[in-house]
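Visitor: The structure file work_4.txt (compact mmCIF, C-alpha atoms) is provided below.
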# COMPACT_ATOMS: atom_id res chain seq x y z
CA MET Y 11 -5.97 -25.58 44.83
CA PHE Y 12 -4.88 -26.86 41.45
CA TYR Y 13 -8.11 -28.84 41.00
CA ARG Y 14 -10.20 -25.81 41.90
CA ARG Y 15 -8.39 -23.65 39.37
CA SER Y 16 -8.72 -26.31 36.69
CA ILE Y 17 -12.42 -26.74 37.32
CA LEU Y 18 -12.97 -22.97 37.43
CA PHE Y 19 -11.14 -22.59 34.11
CA ILE Y 20 -13.21 -25.33 32.48
CA ILE Y 21 -16.46 -23.79 33.77
CA LEU Y 22 -15.37 -20.37 32.50
CA LEU Y 23 -14.44 -21.89 29.17
CA LEU Y 24 -17.73 -23.67 28.69
CA SER Y 25 -19.86 -20.79 29.84
CA SER Y 26 -17.79 -18.07 28.21
CA CYS Y 27 -19.80 -15.15 26.96
CA SER Y 28 -21.24 -15.53 23.49
CA LYS Y 29 -23.81 -12.91 22.71
CA ASP Y 30 -27.00 -13.65 20.81
CA LEU Y 31 -26.15 -13.71 17.16
CA ASP Y 32 -27.58 -10.68 15.49
CA ASN Y 33 -27.01 -8.74 12.31
CA HIS Y 34 -26.68 -5.02 12.63
CA GLU Y 35 -28.51 -3.21 9.90
CA VAL Y 36 -25.69 -1.08 8.52
CA PRO Y 37 -24.12 -2.75 5.47
CA ILE Y 38 -20.37 -3.32 5.70
CA LEU Y 39 -17.87 -2.66 2.90
CA GLY Y 40 -14.28 -3.87 2.74
CA HIS Y 41 -11.86 -0.98 2.13
CA ALA Y 42 -9.69 -1.98 -0.85
CA ALA Y 43 -11.40 -5.40 -0.43
CA THR Y 44 -9.42 -6.66 2.58
CA GLY Y 45 -8.42 -3.38 4.24
CA LEU Y 46 -5.58 -0.96 3.71
CA PHE Y 47 -2.53 -1.68 5.87
CA ASN Y 48 -4.52 -4.25 7.82
CA PRO Y 49 -2.18 -6.64 9.68
CA GLN Y 50 -4.91 -9.30 9.85
CA GLN Y 51 -5.73 -9.19 6.15
CA MET Y 52 -5.86 -12.56 4.43
CA PHE Y 53 -4.60 -11.24 1.08
CA LYS Y 54 -3.01 -7.99 -0.04
CA GLU Y 55 -5.59 -5.29 -0.71
CA ASN Y 56 -6.65 -4.44 -4.27
CA THR Y 57 -5.73 -7.83 -5.71
CA ALA Y 58 -7.76 -10.53 -7.45
CA GLU Y 59 -7.25 -12.82 -4.43
CA ALA Y 60 -8.48 -10.16 -2.00
CA VAL Y 61 -11.57 -9.36 -4.09
CA SER Y 62 -12.46 -13.02 -4.48
CA TYR Y 63 -11.96 -13.64 -0.75
CA ALA Y 64 -14.02 -10.61 0.39
CA LEU Y 65 -16.91 -11.29 -1.96
CA SER Y 66 -17.11 -14.90 -0.74
CA PHE Y 67 -18.60 -13.57 2.51
CA GLU Y 68 -22.34 -13.74 2.02
CA ASP Y 69 -23.13 -11.02 4.57
CA LEU Y 70 -20.57 -8.48 3.35
CA ALA Y 71 -22.46 -5.82 1.38
CA GLY Y 72 -19.57 -5.12 -0.96
CA ILE Y 73 -16.12 -3.69 -1.39
CA GLU Y 74 -14.29 -0.58 -2.51
CA ILE Y 75 -11.36 -0.90 -4.90
CA ASP Y 76 -8.89 1.68 -6.20
CA ILE Y 77 -8.65 2.04 -9.96
CA GLN Y 78 -5.71 3.51 -11.87
CA LEU Y 79 -4.94 3.82 -15.52
CA SER Y 80 -1.74 2.59 -17.16
CA GLN Y 81 0.05 4.31 -20.04
CA ASP Y 82 -1.70 1.83 -22.37
CA GLY Y 83 -5.16 2.74 -21.05
CA THR Y 84 -5.76 -0.44 -19.00
CA PHE Y 85 -7.53 -0.24 -15.63
CA TRP Y 86 -5.36 -1.56 -12.78
CA LEU Y 87 -6.13 -1.99 -9.08
CA TYR Y 88 -3.69 -0.02 -6.96
CA HIS Y 89 -3.99 2.58 -4.21
CA ASP Y 90 -0.80 4.63 -4.06
CA GLU Y 91 0.51 6.94 -6.74
CA ASN Y 92 3.99 5.42 -6.75
CA LEU Y 93 4.61 1.72 -7.41
CA SER Y 94 7.62 1.49 -5.10
CA SER Y 95 5.57 2.02 -1.93
CA GLN Y 96 3.78 -1.36 -2.12
CA THR Y 97 5.42 -3.35 -4.91
CA ASN Y 98 8.80 -4.31 -6.35
CA GLY Y 99 8.15 -1.85 -9.20
CA ASN Y 100 9.24 1.76 -9.64
CA GLY Y 101 7.70 4.92 -11.00
CA LEU Y 102 4.14 6.12 -11.36
CA LEU Y 103 1.52 3.61 -12.42
CA CYS Y 104 -0.05 5.99 -14.95
CA GLU Y 105 3.36 6.34 -16.65
CA SER Y 106 3.99 2.57 -16.76
CA SER Y 107 3.17 0.19 -19.61
CA ASP Y 108 1.05 -2.95 -19.24
CA GLU Y 109 4.06 -5.05 -20.19
CA TYR Y 110 6.00 -3.64 -17.25
CA LEU Y 111 3.06 -3.82 -14.81
CA ASN Y 112 2.58 -7.50 -15.64
CA THR Y 113 6.01 -8.18 -14.12
CA VAL Y 114 5.29 -6.29 -10.89
CA HIS Y 115 4.20 -7.99 -7.64
CA HIS Y 116 3.37 -6.80 -4.14
CA LYS Y 117 5.94 -6.86 -1.34
CA THR Y 118 4.15 -9.59 0.63
CA LEU Y 119 4.78 -13.25 1.46
CA ASN Y 120 2.22 -14.30 -1.16
CA GLN Y 121 3.74 -11.86 -3.70
CA GLU Y 122 0.33 -11.18 -5.25
CA ARG Y 123 0.62 -9.76 -8.77
CA LEU Y 124 -0.88 -6.43 -9.73
CA THR Y 125 -4.42 -7.02 -10.95
CA THR Y 126 -6.33 -5.46 -13.82
CA LEU Y 127 -10.04 -4.76 -13.53
CA ASN Y 128 -10.54 -7.24 -16.34
CA ASP Y 129 -8.83 -9.98 -14.29
CA LEU Y 130 -11.53 -9.89 -11.63
CA ASN Y 131 -13.85 -12.84 -11.71
CA PHE Y 132 -17.28 -12.33 -10.19
CA GLU Y 133 -18.85 -15.57 -11.42
CA ASP Y 134 -18.85 -17.21 -7.97
CA VAL Y 135 -20.66 -14.29 -6.30
CA SER Y 136 -24.06 -15.64 -5.33
CA THR Y 137 -25.66 -12.67 -3.55
CA SER Y 138 -26.07 -9.07 -4.69
CA LYS Y 139 -23.07 -6.90 -3.88
CA VAL Y 140 -21.92 -3.34 -4.36
CA VAL Y 141 -18.47 -2.53 -5.74
CA PHE Y 142 -17.33 1.07 -5.34
CA LEU Y 143 -14.63 2.11 -7.81
CA ASP Y 144 -12.38 4.81 -6.39
CA LEU Y 145 -11.06 6.37 -9.60
CA LYS Y 146 -7.61 7.41 -8.45
CA PHE Y 147 -6.44 8.18 -11.98
CA ILE Y 148 -8.54 11.35 -12.01
CA SER Y 149 -6.19 12.95 -9.51
CA TYR Y 150 -3.00 11.05 -10.47
CA CYS Y 151 -3.12 11.47 -14.27
CA ALA Y 152 -3.57 14.65 -16.30
CA LEU Y 153 -6.66 13.97 -18.44
CA ASP Y 154 -8.91 16.36 -20.35
CA SER Y 155 -12.70 16.02 -20.57
CA ILE Y 156 -12.62 14.29 -23.97
CA GLN Y 157 -10.24 11.64 -22.65
CA MET Y 158 -12.37 11.32 -19.50
CA ASP Y 159 -15.49 10.74 -21.56
CA GLN Y 160 -13.74 7.99 -23.51
CA ILE Y 161 -12.46 6.40 -20.30
CA ALA Y 162 -15.92 6.48 -18.67
CA LYS Y 163 -17.39 4.74 -21.73
CA GLU Y 164 -14.65 2.07 -21.73
CA LEU Y 165 -15.12 1.50 -18.00
CA ASN Y 166 -18.85 1.05 -18.35
CA ASP Y 167 -18.43 -1.26 -21.37
CA LEU Y 168 -16.00 -3.37 -19.35
CA LEU Y 169 -18.29 -3.69 -16.35
CA VAL Y 170 -21.75 -3.83 -17.87
CA ASN Y 171 -21.66 -7.54 -18.55
CA LYS Y 172 -19.22 -8.46 -15.79
CA ALA Y 173 -21.81 -9.76 -13.32
CA ASP Y 174 -25.55 -9.40 -12.91
CA GLN Y 175 -25.35 -9.58 -9.12
CA ILE Y 176 -22.99 -6.65 -8.76
CA SER Y 177 -23.66 -2.91 -8.92
CA PHE Y 178 -20.63 -0.80 -9.80
CA TYR Y 179 -20.58 2.79 -8.49
CA PRO Y 180 -17.67 5.13 -9.24
CA ILE Y 181 -16.22 7.57 -6.70
CA VAL Y 182 -15.05 10.56 -8.74
CA LEU Y 183 -13.35 13.88 -8.23
CA GLY Y 184 -15.00 17.00 -9.66
CA ILE Y 185 -18.59 17.87 -10.58
CA GLU Y 186 -17.79 17.89 -14.31
CA ASN Y 187 -16.53 14.30 -14.06
CA LYS Y 188 -19.69 13.27 -12.19
CA ASP Y 189 -21.74 14.32 -15.22
CA ILE Y 190 -19.42 12.52 -17.63
CA PHE Y 191 -19.74 9.23 -15.75
CA LYS Y 192 -23.48 9.66 -15.26
CA ASN Y 193 -23.91 10.21 -19.02
CA ASN Y 194 -21.94 7.03 -19.70
CA GLY Y 195 -24.34 4.68 -17.98
CA PHE Y 196 -23.38 4.65 -14.31
CA GLU Y 197 -26.48 4.68 -12.14
CA LYS Y 198 -24.99 6.33 -9.05
CA ILE Y 199 -21.93 8.53 -8.62
CA TYR Y 200 -20.20 9.12 -5.28
CA ALA Y 201 -17.60 11.60 -4.06
CA ASP Y 202 -15.08 11.94 -1.24
CA ALA Y 203 -15.97 14.72 1.20
CA SER Y 204 -13.45 16.18 3.59
CA SER Y 205 -16.02 17.62 6.02
CA PHE Y 206 -19.72 17.94 6.76
CA LYS Y 207 -19.85 21.22 4.82
CA ASP Y 208 -18.07 19.67 1.86
CA GLY Y 209 -20.48 16.72 2.02
CA ILE Y 210 -23.49 19.05 1.86
CA GLN Y 211 -21.98 20.86 -1.15
CA LYS Y 212 -21.26 17.60 -2.99
CA LEU Y 213 -24.74 16.20 -2.39
CA ASP Y 214 -26.35 19.52 -3.38
CA SER Y 215 -24.39 19.45 -6.63
CA GLY Y 216 -25.94 16.14 -7.62
CA PHE Y 217 -23.69 13.39 -6.25
CA ASP Y 218 -25.71 10.41 -5.04
CA GLY Y 219 -23.57 9.83 -1.97
CA VAL Y 220 -20.42 10.87 -0.13
CA PHE Y 221 -17.55 9.09 1.61
CA VAL Y 222 -16.63 10.91 4.84
CA ARG Y 223 -14.14 10.10 7.59
CA ASN Y 224 -15.93 8.74 10.65
CA ALA Y 225 -14.22 11.26 12.95
CA ASN Y 226 -15.63 14.20 10.95
CA LEU Y 227 -19.31 13.39 11.51
CA ASP Y 228 -21.47 12.79 14.56
CA LYS Y 229 -24.86 11.07 14.44
CA GLN Y 230 -26.78 14.29 13.89
CA LYS Y 231 -24.62 15.33 10.94
CA VAL Y 232 -24.92 11.87 9.43
CA ASN Y 233 -28.70 12.19 9.61
CA GLU Y 234 -28.59 15.65 8.00
CA LEU Y 235 -26.45 14.34 5.14
CA LYS Y 236 -28.70 11.31 4.71
CA GLN Y 237 -31.60 13.60 3.91
CA LYS Y 238 -29.73 14.70 0.79
CA GLY Y 239 -28.03 11.46 -0.25
CA GLU Y 240 -26.17 8.38 0.91
CA VAL Y 241 -23.44 8.52 3.54
CA VAL Y 242 -20.50 6.13 3.75
CA LEU Y 243 -18.27 6.41 6.82
CA PHE Y 244 -14.65 5.26 6.57
CA ASP Y 245 -11.36 5.29 8.49
CA LEU Y 246 -12.52 2.57 10.89
CA ARG Y 247 -9.63 0.52 12.20
CA THR Y 248 -10.60 -0.85 15.61
CA PRO Y 249 -13.68 -2.74 16.93
CA GLY Y 250 -14.37 0.25 19.22
CA THR Y 251 -14.54 2.79 16.40
CA VAL Y 252 -16.67 0.42 14.30
CA LYS Y 253 -19.14 0.02 17.19
CA LYS Y 254 -19.39 3.81 17.61
CA ALA Y 255 -19.81 4.33 13.87
CA LEU Y 256 -22.60 1.72 13.71
CA ARG Y 257 -24.61 3.81 16.19
CA LYS Y 258 -24.53 6.72 13.72
CA THR Y 259 -26.49 4.50 11.27
CA PRO Y 260 -24.91 5.63 7.98
CA ASP Y 261 -25.88 3.95 4.71
CA PHE Y 262 -22.58 2.01 4.62
CA LEU Y 263 -19.51 1.52 6.78
CA MET Y 264 -16.24 1.04 4.94
CA VAL Y 265 -13.92 -0.81 7.31
CA GLU Y 266 -10.35 -2.08 7.30
CA GLU Y 267 -11.04 -5.50 8.89
CA PHE Y 268 -14.47 -6.59 7.68
CA ARG Y 269 -14.53 -9.91 9.55
CA THR Y 270 -14.30 -7.99 12.81
CA ALA Y 271 -17.05 -5.60 11.71
CA LEU Y 272 -19.31 -8.48 10.66
CA ALA Y 273 -18.83 -10.10 14.07
CA ILE Y 274 -19.95 -7.02 15.99
CA MET P 18 -15.78 -28.85 21.97
CA ARG P 19 -16.94 -30.57 25.16
CA CYS P 20 -14.92 -33.66 24.17
CA ILE P 21 -11.80 -31.53 23.89
CA CYS P 22 -12.47 -29.97 27.30
CA LEU P 23 -13.05 -33.39 28.84
CA SER P 24 -9.82 -34.72 27.31
CA MET P 25 -7.94 -31.76 28.74
CA VAL P 26 -9.42 -32.31 32.20
CA LEU P 27 -8.46 -35.98 32.05
CA VAL P 28 -4.91 -35.08 31.05
CA ILE P 29 -4.63 -32.63 33.94
CA ILE P 30 -6.14 -35.04 36.50
CA TYR P 31 -3.94 -37.88 35.28
CA ALA P 32 -0.94 -35.60 35.51
CA GLU P 33 -1.93 -34.68 39.07
CA PHE P 34 -2.21 -38.32 40.15
CA SER P 35 1.08 -39.14 38.53
CA PHE P 36 2.78 -36.61 40.84
CA SER P 37 2.88 -39.17 43.63
CA GLN P 38 4.56 -41.76 41.45
CA LYS P 39 8.21 -42.04 40.66
CA GLU P 40 9.22 -40.67 37.27
CA ASP P 41 11.10 -43.87 36.43
CA SER P 42 8.05 -46.06 36.87
CA LEU P 43 5.84 -43.67 34.94
CA GLY P 44 8.30 -43.10 32.12
CA TYR P 45 7.64 -39.40 31.65
CA LYS P 46 7.49 -36.04 33.45
CA VAL P 47 4.54 -33.72 33.42
CA ALA P 48 4.35 -29.95 33.69
CA VAL P 49 1.24 -27.82 33.54
CA GLY P 50 1.11 -24.12 32.83
CA LYS P 51 -0.53 -21.07 31.46
CA GLU P 52 0.49 -19.21 28.32
CA ILE P 53 -0.32 -16.37 25.99
CA ALA P 54 -0.21 -17.53 22.37
CA ILE P 55 -0.22 -14.94 19.62
CA SER P 56 -1.31 -16.22 16.24
CA ARG P 57 -2.20 -14.61 12.91
CA PHE P 58 -5.81 -13.73 13.71
CA ASP P 59 -6.09 -13.65 17.49
CA ALA P 60 -4.16 -13.86 20.75
CA PHE P 61 -5.08 -16.85 22.90
CA HIS P 62 -5.07 -17.27 26.65
CA SER P 63 -4.38 -20.96 27.13
CA PHE P 64 -3.73 -23.66 29.69
CA TYR P 65 -1.33 -26.36 28.62
CA ALA P 66 0.40 -29.52 29.75
CA THR P 67 3.84 -30.78 28.75
CA MET P 68 4.63 -34.48 28.83
CA SER P 69 8.36 -35.18 28.53
CA PHE P 70 9.28 -38.74 27.67
CA GLY P 71 12.60 -40.40 28.43
CA LYS P 72 14.38 -39.98 25.10
CA GLY P 73 13.59 -36.28 24.86
CA LEU P 74 10.22 -36.42 23.16
CA ASP P 75 7.83 -33.73 24.38
CA ILE P 76 4.09 -33.53 23.75
CA ARG P 77 2.28 -30.29 24.54
CA PRO P 78 -1.51 -30.11 24.28
CA SER P 79 -3.09 -26.76 25.06
CA LEU P 80 -6.58 -25.37 25.24
CA GLY P 81 -7.40 -21.70 25.17
CA ILE P 82 -9.73 -18.95 24.11
CA GLY P 83 -9.14 -16.07 21.70
CA ILE P 84 -8.91 -12.80 23.59
CA GLN P 85 -10.01 -10.45 20.81
CA LYS P 86 -12.90 -12.49 19.45
CA THR P 87 -14.19 -13.78 22.81
CA TYR P 88 -13.85 -10.65 24.90
CA ALA P 89 -13.80 -7.67 22.50
CA LEU P 90 -16.29 -9.09 19.98
CA GLN P 91 -18.16 -11.46 22.32
CA ARG P 92 -17.76 -14.38 19.92
CA PHE P 93 -16.60 -17.50 21.74
CA HIS P 94 -13.36 -18.50 20.04
CA PRO P 95 -11.81 -21.71 21.47
CA ARG P 96 -8.59 -23.23 20.19
CA PHE P 97 -7.03 -26.62 20.71
CA SER P 98 -3.36 -26.94 19.90
CA LEU P 99 -1.00 -29.90 19.99
CA GLY P 100 2.77 -29.45 19.81
CA THR P 101 5.34 -32.20 19.50
CA GLY P 102 9.01 -31.50 19.97
CA PHE P 103 12.34 -33.11 20.67
CA ASP P 104 14.47 -31.77 23.52
CA LEU P 105 18.06 -31.53 22.32
CA PHE P 106 19.31 -31.00 25.90
CA ASN P 107 17.54 -33.99 27.36
CA LYS P 108 20.12 -34.60 30.10
CA ASN P 109 19.77 -31.07 31.40
CA ASN P 110 16.71 -30.53 33.61
CA THR P 111 17.06 -26.75 33.66
CA PHE P 112 17.30 -25.76 30.03
CA ASP P 113 15.25 -27.37 27.27
CA PHE P 114 15.49 -26.47 23.62
CA GLY P 115 14.50 -28.18 20.41
CA PRO P 116 12.43 -28.22 17.24
CA GLU P 117 8.66 -28.40 17.47
CA ILE P 118 5.80 -29.12 15.11
CA ARG P 119 2.39 -27.75 16.10
CA PHE P 120 -1.16 -28.31 14.90
CA SER P 121 -3.97 -26.00 15.95
CA ILE P 122 -7.68 -25.86 15.33
CA SER P 123 -10.01 -23.03 16.28
CA ALA P 124 -13.44 -21.79 15.26
CA TYR P 125 -15.97 -19.06 15.97
CA ASN P 126 -19.29 -17.81 14.68
CA LEU P 127 -18.78 -14.59 12.75
CA ASN P 128 -22.53 -13.99 12.95
CA ASN P 129 -25.67 -16.02 12.37
CA VAL P 130 -24.71 -16.63 8.72
CA THR P 131 -21.02 -17.45 8.78
CA ARG P 132 -18.89 -19.77 10.92
CA LEU P 133 -15.13 -19.60 10.41
CA SER P 134 -12.73 -22.36 11.34
CA TYR P 135 -8.94 -22.26 11.24
CA THR P 136 -6.51 -25.14 10.93
CA ASP P 137 -2.80 -24.37 11.28
CA ALA P 138 0.32 -26.51 10.90
CA THR P 139 3.54 -24.79 11.92
CA LEU P 140 7.18 -25.70 12.44
CA GLY P 141 9.60 -23.92 14.76
CA TYR P 142 11.40 -24.24 18.07
CA PHE P 143 10.59 -24.36 21.76
CA LEU P 144 12.69 -23.50 24.75
CA SER P 145 12.16 -23.49 28.48
CA TYR P 146 14.24 -22.50 31.47
CA GLY P 147 13.86 -23.51 35.11
CA ARG P 148 13.69 -26.61 37.28
CA LYS P 149 10.39 -26.67 39.19
CA TRP P 150 8.95 -23.51 37.65
CA LYS P 151 9.72 -23.17 33.96
CA VAL P 152 9.46 -20.14 31.71
CA THR P 153 8.52 -21.49 28.30
CA HIS P 154 8.58 -20.04 24.82
CA CYS P 155 7.72 -21.39 21.37
CA LEU P 156 7.91 -19.77 17.97
CA SER P 157 6.75 -21.47 14.80
CA VAL P 158 5.67 -20.53 11.27
CA GLY P 159 3.73 -22.47 8.66
CA LYS P 160 0.53 -22.57 6.70
CA GLY P 161 -3.09 -22.34 7.74
CA LEU P 162 -6.48 -22.80 6.20
CA GLU P 163 -9.51 -20.62 6.85
CA LYS P 164 -12.79 -22.33 6.11
CA GLN P 165 -16.27 -20.86 5.83
CA GLU P 166 -18.22 -23.89 6.92
CA GLU P 167 -21.61 -23.08 5.42
CA LEU P 168 -20.10 -22.38 1.99
CA ASP P 169 -17.49 -25.10 2.11
CA SER P 170 -14.94 -22.61 0.77
CA SER P 171 -11.41 -22.36 2.13
CA PHE P 172 -8.45 -20.01 1.80
CA ALA P 173 -4.82 -20.78 2.62
CA TYR P 174 -2.62 -18.28 4.44
CA TRP P 175 0.78 -17.96 6.07
CA SER P 176 0.54 -18.61 9.77
CA PHE P 177 2.63 -18.22 12.90
CA ASN P 178 2.50 -19.00 16.62
CA LEU P 179 4.35 -17.08 19.29
CA ASN P 180 3.88 -18.55 22.76
CA LEU P 181 5.11 -17.33 26.12
CA GLY P 182 4.16 -19.22 29.24
CA LEU P 183 4.91 -20.29 32.78
CA ALA P 184 4.73 -23.96 33.77
CA TYR P 185 5.00 -25.96 37.00
CA VAL P 186 6.66 -29.38 36.95
CA LEU P 187 4.51 -31.88 38.82
Show me, as C-alpha cells, the structure contained in the file I just sent.

Guide:
Amino acid sequence: MFYRRSILFIILLLSSCSKDLDNHEVPILGHAATGLFNPQQMFKENTAEAVSYALSFEDLAGIEIDIQLSQDGTFWLYHDENLSSQTNGNGLLCESSDEYLNTVHHKTLNQERLTTLNDLNFEDVSTSKVVFLDLKFISYCALDSIQMDQIAKELNDLLVNKADQISFYPIVLGIENKDIFKNNGFEKIYADASSFKDGIQKLDSGFDGVFVRNANLDKQKVNELKQKGEVVLFDLRTPGTVKKALRKTPDFLMVEEFRTALAI
Amino acid sequence: MRCICLSMVLVIIYAEFSFSQKEDSLGYKVAVGKEIAISRFDAFHSFYATMSFGKGLDIRPSLGIGIQKTYALQRFHPRFSLGTGFDLFNKNNTFDFGPEIRFSISAYNLNNVTRLSYTDATLGYFLSYGRKWKVTHCLSVGKGLEKQEELDSSFAYWSFNLNLGLAYVL
C-alpha cells in the first residue's frame, strides 16, 4: 500500500500539469510597483527597491506609482494622505519638510525609506516600459493653477532625461489640470473614472485614457470605452479576478501581484 | 528535478526495508509523512521522511509542490527542502522538540520569458507528538533569495516556513 502511494505520488509529481507557456496580449502593470497591501510583495510599494524590482521583469509592461509633494516642493512616492498609516512618521506629507521625510521609514521588516522621484534609477531597465504617475498631491494639497503649471514643468524637467526606454504618463484630477500637464510636455494624460459614464465623460473631454475598477465594467463597456481612448482596469487582487479581467481585453491591467498575473 | 525525485524514492524504499531491521543495528529510526508547508510565496503539499539518529540528531528531507502556482496558475512549482534538528527530549519517544535549520529550493516558469527560483535558509524549532503516528510541526524564519535565471539578477527577502504534518514511524 505504501509503495503504491509513493509511486503514485512520484508519477503525479513528474506529470503534474504545466500548461503550454503563452503570453496573454494584455500588458500588465504593477500597482504602486509591487502592489498595494499585497502580502506576497517582495518590497514595500512605492519605494526605490520596489520600482527597481518590478522593472527588472522583462515582460512587465510597466508600473504605477503615487506621487506627492512635500512642503519644500520635492516629489515623493507615497500613497496615503497621512504618514502614520504606513510609516513611523506623523502628519500630512504635503505639510512635511524634506529634512523630516528623509528620517521616515516604512513599517516593514526591511524598513524601506521614503523615496523621492529623483532617487529612482532607471539605468538598468533594458526594455521599453510605461510608468504611470498618480499625482496624489492634486487632491491632497491646495494648489492654484499657477502653482500647478510650475509643478508640471518641474515634473517634466525631472523626467525628460531620466530614461529613454521609459514613457511617463500622469494620472491627474480635473480637466483644467489635464491641459496644464499636456502643455508642459506630457504626451498622454490619464484620469481615474468612477464608472462607465464617468469614463465616457473623461475621454470625451480629451483625456487619453481612464483607470476604472474592474468590477465597474464588463467586456462590452470596455470595448465602448476603447473606441474613445485607452482603458486600464484595476482592483485585481486574486488570480480569478485577473483571469476574468484579461478576457475583457483592456489596454492595460493594473494588478496587485504582478508575478501571478504574468504567470496566467 | 528527476534526480531529486529519484533520491526521495530511494530514501523512502530504504526506509521501508529498514522496517524489518532492529533499530539498534540500524542506528536510527525512520518516519514518513505528509505535510502542508506554508512559505512566503506559496503553500506546499509535501511528502517527507524523518531520520532520527541515536544522539538526538534528526534529518528531514521533503519534496512537494506549490499549491497556488501548480494548481491555480498551472505552473509546475516543485520544492525540495532539507531540515536538520536536534531533539532535546531524545529519551522520550512520545514528545520531540528542538531547534531546526532548514534549507529549501524551489523554482517555476513564470512564463516563456522568465524562470524564478527561490533559495531559503531558515532557523526555528520543530516539535512532534505521538508514538507510532506523530503529529509534527515546524516553524522557522530566515532569509531567502529570488533569482530570475535568464537575467542573472537576484533579490533577497525575509522568509518563513510553517509546517504541519502527520508522520508514521516505520

Visitor: In Å, how far is it from CA of Gln50 in chain Y to CA of Phe58 in chain P?

Guide: 5.9 Å

Visitor: At a cut-off of 10 Å, can you tabulate as a tab-separated table every residue of chain P near chain Y together with its closest atom pair and the distance in Å to one decimal, using all atoms listed in the file and ordering rows by chain then number?

Guide:
residue	atom	partner	partner_atom	distance
P:Met18	CA	Y:Leu24	CA	8.7
P:Arg19	CA	Y:Leu24	CA	7.8
P:Cys22	CA	Y:Ile20	CA	7.0
P:Leu23	CA	Y:Ile20	CA	8.8
P:Met25	CA	Y:Ile20	CA	9.1
P:Val26	CA	Y:Ser16	CA	7.5
P:Ile29	CA	Y:Ser16	CA	8.0
P:Ile30	CA	Y:Tyr13	CA	7.9
P:Glu33	CA	Y:Phe12	CA	8.7
P:Arg57	CA	Y:Gln50	CA	6.7
P:Phe58	CA	Y:Gln50	CA	5.9
P:Asp59	CA	Y:Gln50	CA	8.9
P:Ser63	CA	Y:Phe19	CA	9.9
P:Phe64	CA	Y:Phe19	CA	8.7
P:Leu80	CA	Y:Leu23	CA	9.5
P:Gly81	CA	Y:Leu23	CA	8.1
P:Ile82	CA	Y:Leu23	CA	7.5
P:Gln85	CA	Y:Pro249	CA	9.4
P:Lys86	CA	Y:Thr270	CA	8.1
P:Thr87	CA	Y:Cys27	CA	7.1
P:Tyr88	CA	Y:Cys27	CA	7.7
P:Ala89	CA	Y:Pro249	CA	7.4
P:Leu90	CA	Y:Ile274	CA	5.8
P:Gln91	CA	Y:Ser28	CA	5.2
P:Arg92	CA	Y:Ser28	CA	5.1
P:Phe93	CA	Y:Ser28	CA	5.3
P:His94	CA	Y:Ser28	CA	9.1
P:Pro95	CA	Y:Leu23	CA	8.1
P:Tyr125	CA	Y:Ala273	CA	9.6
P:Asn126	CA	Y:Ala273	CA	7.7
P:Leu127	CA	Y:Ala273	CA	4.7
P:Asn128	CA	Y:Ala273	CA	5.5
P:Asn129	CA	Y:Leu31	CA	5.3
P:Val130	CA	Y:Asp69	CA	7.2
P:Thr131	CA	Y:Phe67	CA	7.8
P:Leu133	CA	Y:Arg269	CA	9.7
P:Glu163	CA	Y:Met52	CA	9.2
P:Gln165	CA	Y:Phe67	CA	8.3
P:Glu167	CA	Y:Glu68	CA	10.0
P:Leu168	CA	Y:Ser66	CA	8.5
P:Ser170	CA	Y:Ser66	CA	8.2
P:Ser171	CA	Y:Tyr63	CA	9.2
P:Phe172	CA	Y:Tyr63	CA	7.7
P:Ala173	CA	Y:Met52	CA	8.5
P:Tyr174	CA	Y:Met52	CA	6.6
P:Trp175	CA	Y:Leu119	CA	7.7

Visitor: Closest to Asp90 in chain Y among Y:Glu240, Y:Asp76, Y:Glu267, Y:Glu234, using all atoms listed in the file?

Guide: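 Comparing Y:Glu240, Y:Asp76, Y:Glu267, Y:Glu234 against Asp90 in chain Y, the winner is Y:Asp76.
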
Visitor: Between CA of Phe114 in chain P and CA of Tyr142 in chain P, what is the distance in Å, rounded to a tenth?

Guide: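 So the two atoms, CA of Phe114 in chain P and CA of Tyr142 in chain P, lie 7.2 Å apart.
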
Visitor: Mind pulling up the distance from CA of Lys236 in chain Y to CA of Asp189 in chain Y?

Guide: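 Here the two named atoms are 21.3 Å from each other.
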
Visitor: Compile the contact shell of Phe217 in chain Y as a list in words: residues with an atom at most 7 Å away, counting all atoms listed in the file, same-chain residues fewer than 6 positions apart removed.

Guide: Ile199, Tyr200 and Ala201 of chain Y

Visitor: Dump C-alpha atoms for the selected residues as a compact mmCIF listing (two decimals), keeping the file's coordinate frame?

Guide:
# COMPACT_ATOMS: atom_id res chain seq x y z
CA ILE Y 199 -21.93 8.53 -8.62
CA TYR Y 200 -20.20 9.12 -5.28
CA ALA Y 201 -17.60 11.60 -4.06

Visitor: Residues near Lys258 in chain Y, anyone? I mean within 9 Å using all atoms listed in the file, not counting same-chain ones fewer than 3 positions away, as a ChimeraX atom specification.

Guide: /Y:227-230,232-233,254-255

Visitor: Convert the current residue selection to file output with C-alpha atoms, as a short mmCIF file (atom, residue, chain, number, x, y, z; two decimals), in the frame of the given file.

Guide:
data_model
loop_
_atom_site.label_atom_id
_atom_site.label_comp_id
_atom_site.auth_asym_id
_atom_site.auth_seq_id
_atom_site.Cartn_x
_atom_site.Cartn_y
_atom_site.Cartn_z
CA LEU Y 227 -19.31 13.39 11.51
CA ASP Y 228 -21.47 12.79 14.56
CA LYS Y 229 -24.86 11.07 14.44
CA GLN Y 230 -26.78 14.29 13.89
CA VAL Y 232 -24.92 11.87 9.43
CA ASN Y 233 -28.70 12.19 9.61
CA LYS Y 254 -19.39 3.81 17.61
CA ALA Y 255 -19.81 4.33 13.87
#

Visitor: Neighbours of Asn194 in chain Y within 8 Å (all atoms listed in the file; same-chain residues fewer than 5 positions away dropped), as a PDB file with C-alpha atoms, keeping the file's coordinate frame?

Guide:
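Result saved to part32.pdb:
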ATOM      1  CA  ASP Y 159     -15.490  10.740 -21.560  1.00  0.00           C
ATOM      2  CA  ALA Y 162     -15.920   6.480 -18.670  1.00  0.00           C
ATOM      3  CA  LYS Y 163     -17.390   4.740 -21.730  1.00  0.00           C
ATOM      4  CA  ASN Y 166     -18.850   1.050 -18.350  1.00  0.00           C
TER       5      ASN Y 166
END

Visitor: What's around Gly147 in chain P at 9 Å? Count all atoms listed in the file, leave out sequence neighbours fewer than 4 positions away in its own chain, and write the answer as a PyMOL selection string.

Guide: chain P and resi 110-113+151-153
